[in-house]
Amino acid sequence: MKKHHLISLLSIFCFITANSQSKTIDTLVNVGNHKIHFKIVKGKGTPILFDAGGGNDGSVWNSILKPISEITNATLITYDRAGFGTSTIDTLQTDDSKHGIISNIEDLEIGLKKLGYDKEIILVSHSYGGYLSTLYATRHPKLVKGVVLIDVNHSYFEDGYIEKVLATQDKLIPQWKKNNKGIYYMSATIAETVKIMSKLSIPQNIPVVDFINGIPFYKTPEEIERWKNSHKKYVENNPNVTSITASGCGHAIWMDNPPLVITTIAKMYANGSKQQTEIQERALQYTIQAFNEDKKEQLAYNNSEDDLNNWGYELLRKNENEKAAEVFKLNMLLNPKSANTYDSYGEALLKINKKDEAITMYKKSIELNPENKNAIEVLERIAKETTK
């Protein structure tokens, strides 16, 4: 396939991990008549607590914990609310109303205190989890040093809208009560939760980043506009809030664009850290590597090995040898187990007078394919020219 433009070769940066040996602790903490599961990636300084959205447990954050740990060196904490993941429920409490958001926040407070993390903290939350971040911040305004809200609910369900949503779930509630107590109690108490949260807001002295999706997960124009307006209203009423629209992302923004969320959390953390410069440098390294890896995946998807090889030889025929070498190198990086990519790259290197590097490529090609006659012959010819 003929290509009409050159894809610049992507620089490969080595992301030096700052905390690659972090110790991870999984533990169940007794908070009364039930236990809450916490996962802790041990680090230093102010810990970062992650609150999952409705229906999710703490494992939903697993994909971004490692890079955040490596960039910040911070202690990272995820947990499962009662009835989710491996956390249990207080079965002695038969009043549904006692299993709501106040119970959730009290479980969290007891657990953090027992684990020794009831001091300064940074909060990250998604969707329903934004209620927990808001509630915790209002209860501990001097301890919360920053909040990152990822497509949270804000005032979306207020003004009687939650009742309209619940009316669509009548048939599901009996199933949840039988098979999924966590979801059931969240649904049974959501109207009261919305009422409680309509009166609360994160104190304005606390810096907040508010993410909103770029690809609406709601379907009707009314719902989409209501979601947008709830975020717009929140930002307008809170001068210490930075708004970020995550273009091309759905509700789970940290999954659709990990670098955007990871570097935002790192920046929030760095702003209050004595190692601000070092954290920012590691965040930059991570961003560059993540960008390059993403581009490599796109190129691998859109260009087969044969496509790139043919393109490289087309450039050689035009005597555009430097460009050809870039394309062949890219092909080699994308297909490191292919003997032919090393062979082709070696040929281009010879044409731009990089004999030593070319020899290395041909030797690697032979290592992968001992029957590569072309590579053997080229190396023999080079050896004879060298001895003359």
# chains A, B, ... in the order shown; residues from 1 in each chain; ligands from 1

call {"tool": "residues_around", "arguments": {"residues": "region 215-228 of chain A", "least_positions_apart": "4", "cutoff": "9 Å", "atoms": "only C-alpha atoms", "output": "MDAnalysis selection string"}}
result
chainID A and resid 153:156 232:233 246:251

call {"tool": "select_by_dssp", "arguments": {"residues": "region 204-386 of chain A", "states": "alpha helix (DSSP H)", "output": "number ranges by chain"}}
result
A: 221-236, 253-256, 258-270, 276-302, 305-317, 321-334, 339-351, 355-368, 373-386

call {"tool": "residues_around", "arguments": {"residues": "Asn369 (chain A)", "least_positions_apart": "6", "cutoff": "12 Å", "atoms": "only C-alpha atoms", "output": "number ranges by chain"}}
result
A: 337-343, 362-363, 375-376

call {"tool": "residues_around", "arguments": {"residues": "Tyr345 (chain A)", "least_positions_apart": "5", "cutoff": "9 Å", "atoms": "only C-alpha atoms", "output": "PDB file with N, CA and C atoms, in the first residue's frame"}}
result
ATOM      1  N   GLY A 312       9.041   1.503   3.301  1.00  0.00           N
ATOM      2  CA  GLY A 312      10.459   1.781   3.451  1.00  0.00           C
ATOM      3  C   GLY A 312      11.219   1.611   2.143  1.00  0.00           C
ATOM      4  N   ALA A 324      13.625   6.427   4.969  1.00  0.00           N
ATOM      5  CA  ALA A 324      13.451   4.973   4.900  1.00  0.00           C
ATOM      6  C   ALA A 324      13.957   4.318   6.178  1.00  0.00           C
ATOM      7  N   ALA A 325      15.118   4.785   6.662  1.00  0.00           N
ATOM      8  CA  ALA A 325      15.680   4.227   7.897  1.00  0.00           C
ATOM      9  C   ALA A 325      14.729   4.430   9.062  1.00  0.00           C
ATOM     10  N   GLU A 326      14.062   5.586   9.109  1.00  0.00           N
ATOM     11  CA  GLU A 326      13.103   5.838  10.182  1.00  0.00           C
ATOM     12  C   GLU A 326      11.941   4.854  10.122  1.00  0.00           C
ATOM     13  N   VAL A 327      11.427   4.624   8.907  1.00  0.00           N
ATOM     14  CA  VAL A 327      10.300   3.711   8.746  1.00  0.00           C
ATOM     15  C   VAL A 327      10.707   2.287   9.109  1.00  0.00           C
ATOM     16  N   PHE A 328      11.888   1.852   8.642  1.00  0.00           N
ATOM     17  CA  PHE A 328      12.360   0.497   8.951  1.00  0.00           C
ATOM     18  C   PHE A 328      12.607   0.335  10.457  1.00  0.00           C
ATOM     19  N   LYS A 329      13.127   1.395  11.100  1.00  0.00           N
ATOM     20  CA  LYS A 329      13.349   1.313  12.540  1.00  0.00           C
ATOM     21  C   LYS A 329      12.023   1.180  13.280  1.00  0.00           C
ATOM     22  N   ASN A 331       9.305  -0.108  12.108  1.00  0.00           N
ATOM     23  CA  ASN A 331       8.812  -1.459  11.867  1.00  0.00           C
ATOM     24  C   ASN A 331       9.502  -2.460  12.781  1.00  0.00           C
ATOM     25  N   MET A 332      10.802  -2.260  12.981  1.00  0.00           N
ATOM     26  CA  MET A 332      11.560  -3.142  13.860  1.00  0.00           C
ATOM     27  C   MET A 332      11.072  -3.023  15.307  1.00  0.00           C
ATOM     28  N   ASN A 340      13.014 -10.191   9.414  1.00  0.00           N
ATOM     29  CA  ASN A 340      13.030  -9.357   8.219  1.00  0.00           C
ATOM     30  C   ASN A 340      13.102  -7.867   8.543  1.00  0.00           C
ATOM     31  N   LEU A 350      23.103   0.910   6.146  1.00  0.00           N
ATOM     32  CA  LEU A 350      24.281   0.891   5.271  1.00  0.00           C
ATOM     33  C   LEU A 350      24.242   2.053   4.283  1.00  0.00           C
ATOM     34  N   ALA A 358      24.414  -1.157  11.309  1.00  0.00           N
ATOM     35  CA  ALA A 358      23.870  -2.090  10.318  1.00  0.00           C
ATOM     36  C   ALA A 358      24.315  -3.518  10.628  1.00  0.00           C
ATOM     37  N   MET A 361      22.233  -4.964  13.322  1.00  0.00           N
ATOM     38  CA  MET A 361      20.895  -5.346  12.858  1.00  0.00           C
ATOM     39  C   MET A 361      20.931  -6.664  12.089  1.00  0.00           C
ATOM     40  N   TYR A 362      21.925  -6.834  11.210  1.00  0.00           N
ATOM     41  CA  TYR A 362      22.015  -8.071  10.434  1.00  0.00           C
ATOM     42  C   TYR A 362      22.290  -9.263  11.358  1.00  0.00           C
TER      43      TYR A 362
END

call {"tool": "residues_around", "arguments": {"residues": "region 140-149 of chain A", "least_positions_apart": "4", "cutoff": "9 Å", "atoms": "only C-alpha atoms", "output": "ChimeraX atom specification"}}
result
/A:46,118-127,129-130,133-136,202-203,205-212,261,264-265,268-269,272

call {"tool": "write_last_selection", "arguments": {"atoms": "N, CA and C atoms", "output": "short mmCIF file (atom, residue, chain, number, x, y, z; two decimals), in the first residue's frame"}}
result
data_model
loop_
_atom_site.label_atom_id
_atom_site.label_comp_id
_atom_site.auth_asym_id
_atom_site.auth_seq_id
_atom_site.Cartn_x
_atom_site.Cartn_y
_atom_site.Cartn_z
N THR A 46 1.49 12.56 52.03
CA THR A 46 0.02 12.57 52.10
C THR A 46 -0.56 11.45 51.26
N ASP A 118 -5.99 8.74 59.11
CA ASP A 118 -7.06 9.69 59.41
C ASP A 118 -6.53 11.10 59.57
N LYS A 119 -5.44 11.38 58.83
CA LYS A 119 -4.86 12.73 58.89
C LYS A 119 -5.02 13.38 57.51
N GLU A 120 -4.04 14.17 57.08
CA GLU A 120 -4.15 14.84 55.79
C GLU A 120 -4.30 13.83 54.66
N ILE A 121 -5.07 14.20 53.65
CA ILE A 121 -5.38 13.23 52.58
C ILE A 121 -5.80 13.97 51.31
N ILE A 122 -5.61 13.32 50.17
CA ILE A 122 -6.12 13.81 48.88
C ILE A 122 -7.16 12.81 48.40
N LEU A 123 -8.25 13.29 47.83
CA LEU A 123 -9.36 12.44 47.44
C LEU A 123 -9.52 12.39 45.92
N VAL A 124 -9.78 11.20 45.41
CA VAL A 124 -10.09 11.00 44.00
C VAL A 124 -11.37 10.17 43.94
N SER A 125 -12.34 10.60 43.14
CA SER A 125 -13.60 9.85 43.12
C SER A 125 -14.24 9.88 41.75
N HIS A 126 -15.08 8.88 41.52
CA HIS A 126 -15.79 8.74 40.25
C HIS A 126 -17.29 8.62 40.49
N SER A 127 -18.07 9.34 39.69
CA SER A 127 -19.52 9.20 39.68
C SER A 127 -20.12 9.31 41.08
N GLY A 129 -19.15 8.08 43.72
CA GLY A 129 -18.09 8.28 44.70
C GLY A 129 -17.84 9.74 45.01
N GLY A 130 -18.26 10.63 44.10
CA GLY A 130 -18.12 12.06 44.36
C GLY A 130 -18.90 12.51 45.58
N SER A 133 -16.59 11.80 48.49
CA SER A 133 -15.52 12.80 48.59
C SER A 133 -16.05 14.10 49.16
N THR A 134 -17.20 14.51 48.68
CA THR A 134 -17.80 15.75 49.17
C THR A 134 -18.15 15.65 50.65
N LEU A 135 -18.76 14.54 51.02
CA LEU A 135 -19.15 14.35 52.42
C LEU A 135 -17.93 14.30 53.32
N TYR A 136 -16.90 13.58 52.89
CA TYR A 136 -15.68 13.48 53.71
C TYR A 136 -15.02 14.85 53.86
N ILE A 202 -18.06 20.80 48.71
CA ILE A 202 -16.67 20.79 49.16
C ILE A 202 -16.27 22.21 49.54
N PRO A 203 -15.71 22.42 50.73
CA PRO A 203 -15.31 23.76 51.15
C PRO A 203 -14.45 24.45 50.09
N ASN A 205 -12.03 26.44 50.10
CA ASN A 205 -10.59 26.59 50.29
C ASN A 205 -9.83 25.36 49.78
N ILE A 206 -10.55 24.29 49.45
CA ILE A 206 -9.92 23.06 48.98
C ILE A 206 -9.86 23.08 47.45
N PRO A 207 -8.67 22.93 46.85
CA PRO A 207 -8.58 22.91 45.38
C PRO A 207 -9.23 21.66 44.80
N VAL A 208 -9.98 21.85 43.72
CA VAL A 208 -10.72 20.74 43.10
C VAL A 208 -10.49 20.75 41.60
N VAL A 209 -10.32 19.57 41.02
CA VAL A 209 -10.35 19.40 39.57
C VAL A 209 -11.63 18.63 39.25
N ASP A 210 -12.43 19.16 38.35
CA ASP A 210 -13.69 18.53 37.99
C ASP A 210 -13.65 18.07 36.53
N PHE A 211 -13.57 16.76 36.33
CA PHE A 211 -13.60 16.19 34.99
C PHE A 211 -15.04 15.97 34.55
N ILE A 212 -15.29 16.22 33.26
CA ILE A 212 -16.57 15.85 32.66
C ILE A 212 -16.29 15.12 31.35
N VAL A 261 -5.79 11.59 33.42
CA VAL A 261 -6.18 11.51 34.83
C VAL A 261 -4.96 11.33 35.73
N THR A 264 -3.02 14.54 36.09
CA THR A 264 -3.80 15.51 36.86
C THR A 264 -3.71 15.21 38.35
N ILE A 265 -3.82 13.94 38.70
CA ILE A 265 -3.68 13.54 40.11
C ILE A 265 -2.26 13.86 40.59
N MET A 268 -1.93 17.56 41.24
CA MET A 268 -2.60 17.91 42.48
C MET A 268 -1.71 17.54 43.68
N TYR A 269 -1.10 16.36 43.60
CA TYR A 269 -0.24 15.90 44.68
C TYR A 269 1.02 16.74 44.78
N GLY A 272 1.32 20.24 46.71
CA GLY A 272 1.49 20.32 48.15
C GLY A 272 2.67 19.54 48.66
#

call {"tool": "closest_residue", "arguments": {"among": "A:Val152, A:Val194, A:Ile110, A:Leu316", "to": "Lys35 (chain A)", "atoms": "only C-alpha atoms"}}
result
A:Ile110

call {"tool": "closest_residue", "arguments": {"among": "A:Lys323, A:Lys373, A:His99, A:Arg381", "to": "Ile352 (chain A)", "atoms": "only C-alpha atoms"}}
result
A:Lys323

call {"tool": "atom_distance", "arguments": {"atom1": "CA of Glu278 (chain A)", "atom2": "CA of Lys42 (chain A)"}}
result
18.9 Å

call {"tool": "residues_around", "arguments": {"residues": "region 159-163 of chain A", "least_positions_apart": "6", "cutoff": "10 Å", "atoms": "only C-alpha atoms", "output": "compact mmCIF listing (two decimals) with N, CA and C atoms, in the first residue's frame"}}
result
# COMPACT_ATOMS: atom_id res chain seq x y z
N ILE A 190 -30.83 6.10 47.89
CA ILE A 190 -30.32 7.15 47.00
C ILE A 190 -31.12 8.44 47.09
N ALA A 191 -32.43 8.35 47.27
CA ALA A 191 -33.23 9.57 47.38
C ALA A 191 -32.80 10.39 48.60
N GLU A 192 -32.57 9.71 49.71
CA GLU A 192 -32.11 10.39 50.92
C GLU A 192 -30.68 10.93 50.72
N VAL A 194 -29.34 11.95 47.90
CA VAL A 194 -29.44 13.16 47.07
C VAL A 194 -29.91 14.34 47.92
N LYS A 195 -30.84 14.10 48.82
CA LYS A 195 -31.35 15.15 49.70
C LYS A 195 -30.24 15.68 50.61
N SER A 198 -27.55 17.61 48.50
CA SER A 198 -27.98 18.87 47.91
C SER A 198 -27.66 20.05 48.82

call {"tool": "atom_distance", "arguments": {"atom1": "CA of Val29 (chain A)", "atom2": "CA of Ser63 (chain A)"}}
result
23.6 Å

call {"tool": "select_by_dssp", "arguments": {"residues": "region 54-111 of chain A", "states": "strand (DSSP E)", "output": "PyMOL selection string"}}
result
chain A and resi 74-79

call {"tool": "write_last_selection", "arguments": {"atoms": "N, CA, C and O atoms", "output": "CSV table (one decimal), in the first residue's frame"}}
result
chain,number,residue,atom,x,y,z
A,74,ALA,N,3.5,8.3,46.7
A,74,ALA,CA,2.5,8.5,47.7
A,74,ALA,C,1.9,7.1,48.1
A,74,ALA,O,1.9,6.2,47.3
A,75,THR,N,1.3,7.1,49.3
A,75,THR,CA,0.5,5.9,49.7
A,75,THR,C,-0.8,6.1,49.0
A,75,THR,O,-1.5,7.1,49.0
A,76,LEU,N,-1.3,5.0,48.3
A,76,LEU,CA,-2.5,5.0,47.6
A,76,LEU,C,-3.5,4.0,48.3
A,76,LEU,O,-3.1,2.9,48.6
A,77,ILE,N,-4.7,4.5,48.5
A,77,ILE,CA,-5.7,3.7,49.2
A,77,ILE,C,-7.0,3.5,48.4
A,77,ILE,O,-7.6,4.5,48.0
A,78,THR,N,-7.4,2.3,48.1
A,78,THR,CA,-8.7,2.0,47.6
A,78,THR,C,-9.4,1.1,48.6
A,78,THR,O,-8.9,0.5,49.4
A,79,TYR,N,-10.8,1.1,48.4
A,79,TYR,CA,-11.5,0.3,49.4
A,79,TYR,C,-12.9,-0.1,48.7
A,79,TYR,O,-13.3,0.5,47.7

call {"tool": "atom_distance", "arguments": {"atom1": "CA of Ser87 (chain A)", "atom2": "CA of Thr24 (chain A)"}}
result
17.8 Å

call {"tool": "closest_atom_pairs", "arguments": {"of": "region 9-125 of chain A", "to": "region 170-179 of chain A", "cutoff": "12 Å", "atoms": "only C-alpha atoms", "output": "tab-separated table"}}
result
residue	atom	partner	partner_atom	distance
A:Gly55	CA	A:Trp176	CA	11.1
A:Gly83	CA	A:Asn179	CA	10.6
A:Phe84	CA	A:Asn179	CA	11.7
A:Asp96	CA	A:Lys177	CA	10.6

call {"tool": "closest_residue", "arguments": {"among": "A:Leu115, A:Ala348, A:Ile40, A:Leu333", "to": "Glu320 (chain A)", "atoms": "only C-alpha atoms"}}
result
A:Ala348
